[in-house]
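For reference, input20.tsv is printed below; it contains TSV, C-alpha atoms and all ligand atoms.
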chain	number	residue	atom	x	y	z
A	30	MET	CA	36.52	-19.89	-8.06
A	31	SER	CA	33.13	-19.98	-6.43
A	32	GLU	CA	32.01	-16.85	-8.22
A	33	SER	CA	28.59	-17.07	-9.74
A	34	PRO	CA	27.42	-14.29	-11.99
A	35	PRO	CA	24.54	-12.20	-10.60
A	36	VAL	CA	21.15	-12.87	-12.07
A	37	GLY	CA	20.69	-10.52	-14.98
A	38	ARG	CA	18.21	-7.85	-14.01
A	39	LEU	CA	16.88	-4.95	-16.02
A	40	GLU	CA	16.96	-2.75	-12.93
A	41	GLU	CA	20.76	-2.64	-12.81
A	42	GLU	CA	21.24	0.94	-13.96
A	43	TRP	CA	18.09	2.12	-12.25
A	44	SER	CA	18.28	1.78	-8.52
A	45	VAL	CA	16.15	3.86	-6.21
A	46	ASN	CA	17.30	4.35	-2.66
A	47	VAL	CA	14.07	2.97	-1.28
A	48	GLU	CA	15.04	3.41	2.38
A	49	HIS	CA	15.69	7.11	1.81
A	50	PHE	CA	12.22	7.62	0.36
A	51	LYS	CA	10.58	5.41	2.93
A	52	VAL	CA	11.86	7.70	5.68
A	53	LYS	CA	10.60	10.74	3.79
A	54	LEU	CA	7.21	9.13	3.21
A	55	LEU	CA	6.81	8.14	6.84
A	56	GLU	CA	7.69	11.69	7.93
A	57	LYS	CA	5.19	13.13	5.48
A	58	ARG	CA	2.58	10.65	6.65
A	59	ARG	CA	2.99	11.74	10.26
A	60	ALA	CA	2.75	15.43	9.27
A	61	LEU	CA	-0.41	14.79	7.25
A	62	VAL	CA	-2.10	12.84	10.00
A	63	GLU	CA	-1.37	15.73	12.37
A	64	ALA	CA	-2.60	18.33	9.88
A	65	ILE	CA	-5.82	16.42	9.29
A	66	ALA	CA	-6.43	16.06	13.03
A	67	ARG	CA	-5.77	19.78	13.47
A	68	ALA	CA	-8.12	20.74	10.63
A	69	GLU	CA	-10.86	18.54	12.08
A	70	GLU	CA	-10.32	20.15	15.46
A	71	GLU	CA	-10.67	23.61	13.88
A	72	VAL	CA	-13.88	22.62	12.14
A	73	ARG	CA	-15.27	21.36	15.43
A	74	THR	CA	-14.31	24.57	17.21
A	75	ALA	CA	-15.80	26.66	14.41
A	76	SER	CA	-19.13	24.83	14.44
A	77	GLU	CA	-19.33	25.15	18.22
A	78	GLY	CA	-19.13	28.92	17.74
A	79	GLU	CA	-22.14	28.83	15.40
A	80	VAL	CA	-24.49	28.25	18.30
A	81	GLY	CA	-23.92	31.81	19.50
A	82	ASP	CA	-24.46	35.12	17.73
A	83	PRO	CA	-26.09	34.64	14.29
A	84	LEU	CA	-24.00	37.55	12.94
A	85	ASP	CA	-20.87	35.44	13.39
A	86	ARG	CA	-22.29	32.61	11.33
A	87	SER	CA	-20.90	33.60	7.95
A	88	VAL	CA	-17.38	33.95	9.34
A	89	ASP	CA	-17.60	30.59	11.05
A	90	ASP	CA	-18.92	28.91	7.93
A	91	THR	CA	-15.98	30.21	5.91
A	92	ALA	CA	-13.54	28.93	8.50
A	93	ALA	CA	-15.23	25.55	8.50
A	94	ASP	CA	-15.15	25.34	4.70
A	95	GLU	CA	-11.45	26.12	4.63
A	96	GLY	CA	-10.81	23.51	7.27
A	97	LEU	CA	-12.70	20.88	5.28
A	98	HIS	CA	-10.89	21.86	2.11
A	99	THR	CA	-7.44	21.56	3.69
A	100	SER	CA	-8.46	18.30	5.26
A	101	SER	CA	-9.63	16.76	1.96
A	102	VAL	CA	-6.44	17.77	0.12
A	103	ASP	CA	-4.40	16.33	2.96
A	104	SER	CA	-6.33	13.06	3.00
A	105	GLU	CA	-5.84	12.76	-0.76
A	106	THR	CA	-2.09	13.17	-0.28
A	107	LEU	CA	-2.21	10.76	2.65
A	108	GLU	CA	-3.76	8.14	0.37
A	109	GLN	CA	-0.97	8.67	-2.15
A	110	VAL	CA	1.64	8.39	0.60
A	111	ASP	CA	0.08	5.11	1.76
A	112	ASP	CA	0.01	3.84	-1.82
A	113	ALA	CA	3.68	4.75	-2.23
A	114	LEU	CA	4.57	2.88	0.96
A	115	ARG	CA	2.65	-0.12	-0.38
A	116	ARG	CA	4.62	0.08	-3.64
A	117	ILE	CA	7.84	0.08	-1.61
A	118	GLU	CA	6.70	-3.18	0.03
A	119	GLN	CA	5.82	-4.63	-3.37
A	120	GLY	CA	9.10	-3.52	-4.90
A	121	SER	CA	7.49	-1.39	-7.58
A	122	TYR	CA	8.26	1.97	-5.98
A	123	GLY	CA	9.72	4.63	-8.26
A	124	LYS	CA	8.02	3.40	-11.41
A	125	CYS	CA	5.16	5.20	-13.08
A	126	VAL	CA	1.92	3.28	-12.49
A	127	ILE	CA	0.72	4.22	-15.98
A	128	CYS	CA	3.67	3.61	-18.31
A	129	GLY	CA	5.93	1.60	-15.97
A	130	LYS	CA	8.97	3.77	-16.70
A	131	PRO	CA	11.17	5.03	-13.87
A	132	ILE	CA	9.99	8.32	-12.41
A	133	GLU	CA	12.51	11.15	-12.73
A	134	PRO	CA	14.78	11.17	-9.62
A	135	ALA	CA	14.34	14.93	-9.11
A	136	ARG	CA	10.60	14.47	-9.25
A	137	LEU	CA	10.67	11.65	-6.69
A	138	GLU	CA	12.85	13.79	-4.47
A	139	ALA	CA	10.33	16.64	-4.62
A	140	ILE	CA	7.17	14.50	-4.41
A	141	PRO	CA	8.17	11.06	-3.06
A	142	TRP	CA	4.56	9.84	-3.13
A	143	THR	CA	3.89	10.61	-6.79
A	144	PRO	CA	2.68	7.53	-8.71
A	145	TYR	CA	3.23	9.10	-12.14
A	146	CYS	CA	6.15	10.19	-14.27
A	147	LYS	CA	6.23	13.81	-15.39
A	148	ALA	CA	4.75	13.13	-18.81
A	149	ASP	CA	1.79	11.19	-17.45
A	150	GLN	CA	1.17	13.71	-14.68
A	151	GLU	CA	1.00	16.46	-17.29
A	152	LYS	CA	-1.35	14.38	-19.41
A	153	LEU	CA	-3.62	13.81	-16.41
A	154	GLU	CA	-3.63	17.49	-15.53
A	155	ARG	CA	-4.55	18.38	-19.09
A	156	VAL	CA	-7.46	15.97	-19.01
A	157	LYS	CA	-8.62	17.38	-15.67
A	158	GLY	CA	-8.29	20.95	-16.97
A	159	LEU	CA	-10.40	20.18	-20.03
A	160	GLY	CA	-13.04	18.48	-17.92
A	161	SER	CA	-13.54	21.45	-15.62
A	162	THR	CA	-13.63	24.11	-18.36
A	163	PRO	CA	-16.04	23.09	-21.10
A	164	THR	CA	-15.40	24.91	-24.36
A	165	LEU	CA	-18.76	26.06	-25.60
A	201	ZN	ZN	4.41	7.43	-17.00
Show this structure as C-alpha cells.
Ligand SMILES: [Zn+2]
Amino acid sequence: MSESPPVGRLEEEWSVNVEHFKVKLLEKRRALVEAIARAEEEVRTASEGEVGDPLDRSVDDTAADEGLHTSSVDSETLEQVDDALRRIEQGSYGKCVICGKPIEPARLEAIPWTPYCKADQEKLERVKGLGSTPTL
C-alpha cells in the first residue's frame, strides 16, 4: 500500500474548469482588441472628413463620439479580461475579489471576466447608481 491521502484542500467541492474559461477569455480578448482597433479606425476616418464641408461637422462629431464611447467600454472590458487571465495564472480565478466566495458558475459562464459575485456586483451597481443621481 503506497497510497497516501491527498492533501486536504477546501477547494475540493468547488472546482472551476479553468482551461475552459481561459479559452473563452482569450477569444474575448482577441475580439475586443479587434473592436477597439476598428473603433479607432472609424474615429480617424470621421475626423478626416471634418476637414471638408462644415455642414457635415455635426454628423462627423457624433460618429466620432460614438466611436470613442464604444472604444472606452471595450478597453474597460479588455482590462477585466486581462485581470481574469492574471487570476487564472495566480490560481484565484472564479473567486469574488471582494468577499472571496466562489462566483456563481452560471455567472462565470455568461461573463467569464467578472471579478465579483452577483451580490457584490449588485452592491457596486447600487453605489454607482446613487452616485450619479443625487437625491436633492
Ligand atoms: Zn462577493
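The spacing separating atom CA of A:Ala68 from atom CA of A:Leu54 amounts to 20.6 Å.
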Please report, as CSV, each residue of chain A lying at most 9 Å from ligand ZN 201 (chain A), together with the nearest pair of atoms and the separation in Å rounded to one decimal; use all atoms listed in the file, and order rows by chain and ascending residue number.
residue,atom,partner,partner_atom,distance
A:Lys124,CA,A:ZN201,ZN,7.8
A:Cys125,CA,A:ZN201,ZN,4.6
A:Val126,CA,A:ZN201,ZN,6.6
A:Ile127,CA,A:ZN201,ZN,5.0
A:Cys128,CA,A:ZN201,ZN,4.1
A:Gly129,CA,A:ZN201,ZN,6.1
A:Lys130,CA,A:ZN201,ZN,5.9
A:Pro131,CA,A:ZN201,ZN,7.8
A:Ile132,CA,A:ZN201,ZN,7.3
A:Pro144,CA,A:ZN201,ZN,8.5
A:Tyr145,CA,A:ZN201,ZN,5.3
A:Cys146,CA,A:ZN201,ZN,4.3
A:Lys147,CA,A:ZN201,ZN,6.8
A:Ala148,CA,A:ZN201,ZN,6.0
A:Asp149,CA,A:ZN201,ZN,4.6
A:Gln150,CA,A:ZN201,ZN,7.4
Under the rule that only C-alpha atoms are counted, which of A:Glu154, A:Pro141, A:Glu77, A:Asp103 is the nearest residue to A:Ile117?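 Distance minimum relative to A:Ile117 lands on A:Pro141.
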Figure out the distance between atom CA of A:Ala139 and atom CA of A:Arg59, please, to one decimal in Å. 17.3 Å
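Between atom CA of A:Gly123 and atom CA of A:Glu105 lies a distance of 19.1 Å.
For the set A:Asp111, A:Arg136, A:Ser101, A:Glu69, the residue with the smallest atom-to-atom gap to A:Glu56 is A:Asp111, counting all atoms listed in the file.
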What lies within 10 Å of A:Ala113 using all atoms listed in the file, ignoring chain neighbours under 5 positions off, as a list in words? Phe50, Lys51, Leu54, Leu107, Glu108, Glu118, Gln119, Ser121, Tyr122, Gly123, Pro141, Trp142, Thr143 and Pro144 of chain A
Shortest contact to A:Thr106, candidates A:Val72, A:Glu63, A:Lys57, A:Leu137, atoms counted all atoms listed in the file, goes to A:Lys57
Place N, CA and C atoms on stretch 60-81 of chain A and deliver the coordinates as an mmCIF file, in the coordinates of the input.
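That gives us rebuild.cif:
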data_model
loop_
_atom_site.group_PDB
_atom_site.id
_atom_site.type_symbol
_atom_site.label_atom_id
_atom_site.label_comp_id
_atom_site.auth_asym_id
_atom_site.auth_seq_id
_atom_site.Cartn_x
_atom_site.Cartn_y
_atom_site.Cartn_z
ATOM 1 N N ALA A 60 3.126 14.019 9.377
ATOM 2 C CA ALA A 60 2.750 15.430 9.270
ATOM 3 C C ALA A 60 1.310 15.558 8.769
ATOM 4 N N LEU A 61 0.938 14.727 7.809
ATOM 5 C CA LEU A 61 -0.410 14.790 7.250
ATOM 6 C C LEU A 61 -1.452 14.377 8.271
ATOM 7 N N VAL A 62 -1.161 13.302 8.992
ATOM 8 C CA VAL A 62 -2.100 12.840 10.000
ATOM 9 C C VAL A 62 -2.331 13.936 11.038
ATOM 10 N N GLU A 63 -1.248 14.626 11.417
ATOM 11 C CA GLU A 63 -1.370 15.730 12.370
ATOM 12 C C GLU A 63 -2.189 16.865 11.779
ATOM 13 N N ALA A 64 -1.898 17.221 10.528
ATOM 14 C CA ALA A 64 -2.600 18.330 9.880
ATOM 15 C C ALA A 64 -4.086 18.037 9.765
ATOM 16 N N ILE A 65 -4.414 16.797 9.427
ATOM 17 C CA ILE A 65 -5.820 16.420 9.290
ATOM 18 C C ILE A 65 -6.514 16.504 10.650
ATOM 19 N N ALA A 66 -5.852 16.011 11.680
ATOM 20 C CA ALA A 66 -6.430 16.060 13.030
ATOM 21 C C ALA A 66 -6.642 17.505 13.448
ATOM 22 N N ARG A 67 -5.679 18.371 13.120
ATOM 23 C CA ARG A 67 -5.770 19.780 13.470
ATOM 24 C C ARG A 67 -6.930 20.436 12.731
ATOM 25 N N ALA A 68 -7.049 20.146 11.436
ATOM 26 C CA ALA A 68 -8.120 20.740 10.630
ATOM 27 C C ALA A 68 -9.477 20.306 11.159
ATOM 28 N N GLU A 69 -9.592 19.039 11.540
ATOM 29 C CA GLU A 69 -10.860 18.540 12.080
ATOM 30 C C GLU A 69 -11.191 19.229 13.394
ATOM 31 N N GLU A 70 -10.154 19.459 14.183
ATOM 32 C CA GLU A 70 -10.320 20.150 15.460
ATOM 33 C C GLU A 70 -10.835 21.563 15.205
ATOM 34 N N GLU A 71 -10.263 22.241 14.193
ATOM 35 C CA GLU A 71 -10.670 23.610 13.880
ATOM 36 C C GLU A 71 -12.116 23.648 13.421
ATOM 37 N N VAL A 72 -12.506 22.680 12.614
ATOM 38 C CA VAL A 72 -13.880 22.620 12.140
ATOM 39 C C VAL A 72 -14.828 22.453 13.315
ATOM 40 N N ARG A 73 -14.441 21.570 14.239
ATOM 41 C CA ARG A 73 -15.270 21.360 15.430
ATOM 42 C C ARG A 73 -15.403 22.636 16.226
ATOM 43 N N THR A 74 -14.298 23.326 16.452
ATOM 44 C CA THR A 74 -14.310 24.570 17.210
ATOM 45 C C THR A 74 -15.170 25.598 16.500
ATOM 46 N N ALA A 75 -15.033 25.673 15.184
ATOM 47 C CA ALA A 75 -15.800 26.660 14.410
ATOM 48 C C ALA A 75 -17.290 26.384 14.510
ATOM 49 N N SER A 76 -17.702 25.124 14.419
ATOM 50 C CA SER A 76 -19.130 24.830 14.440
ATOM 51 C C SER A 76 -19.701 25.007 15.842
ATOM 52 N N GLU A 77 -18.867 24.867 16.862
ATOM 53 C CA GLU A 77 -19.330 25.150 18.220
ATOM 54 C C GLU A 77 -19.685 26.625 18.340
ATOM 55 N N GLY A 78 -18.895 27.480 17.690
ATOM 56 C CA GLY A 78 -19.130 28.920 17.740
ATOM 57 C C GLY A 78 -20.449 29.308 17.092
ATOM 58 N N GLU A 79 -20.919 28.503 16.136
ATOM 59 C CA GLU A 79 -22.140 28.830 15.400
ATOM 60 C C GLU A 79 -23.366 28.931 16.287
ATOM 61 N N VAL A 80 -23.339 28.258 17.404
ATOM 62 C CA VAL A 80 -24.490 28.250 18.300
ATOM 63 C C VAL A 80 -24.795 29.654 18.807
ATOM 64 N N GLY A 81 -23.765 30.471 18.917
ATOM 65 C CA GLY A 81 -23.920 31.810 19.500
ATOM 66 C C GLY A 81 -24.554 32.833 18.580
#
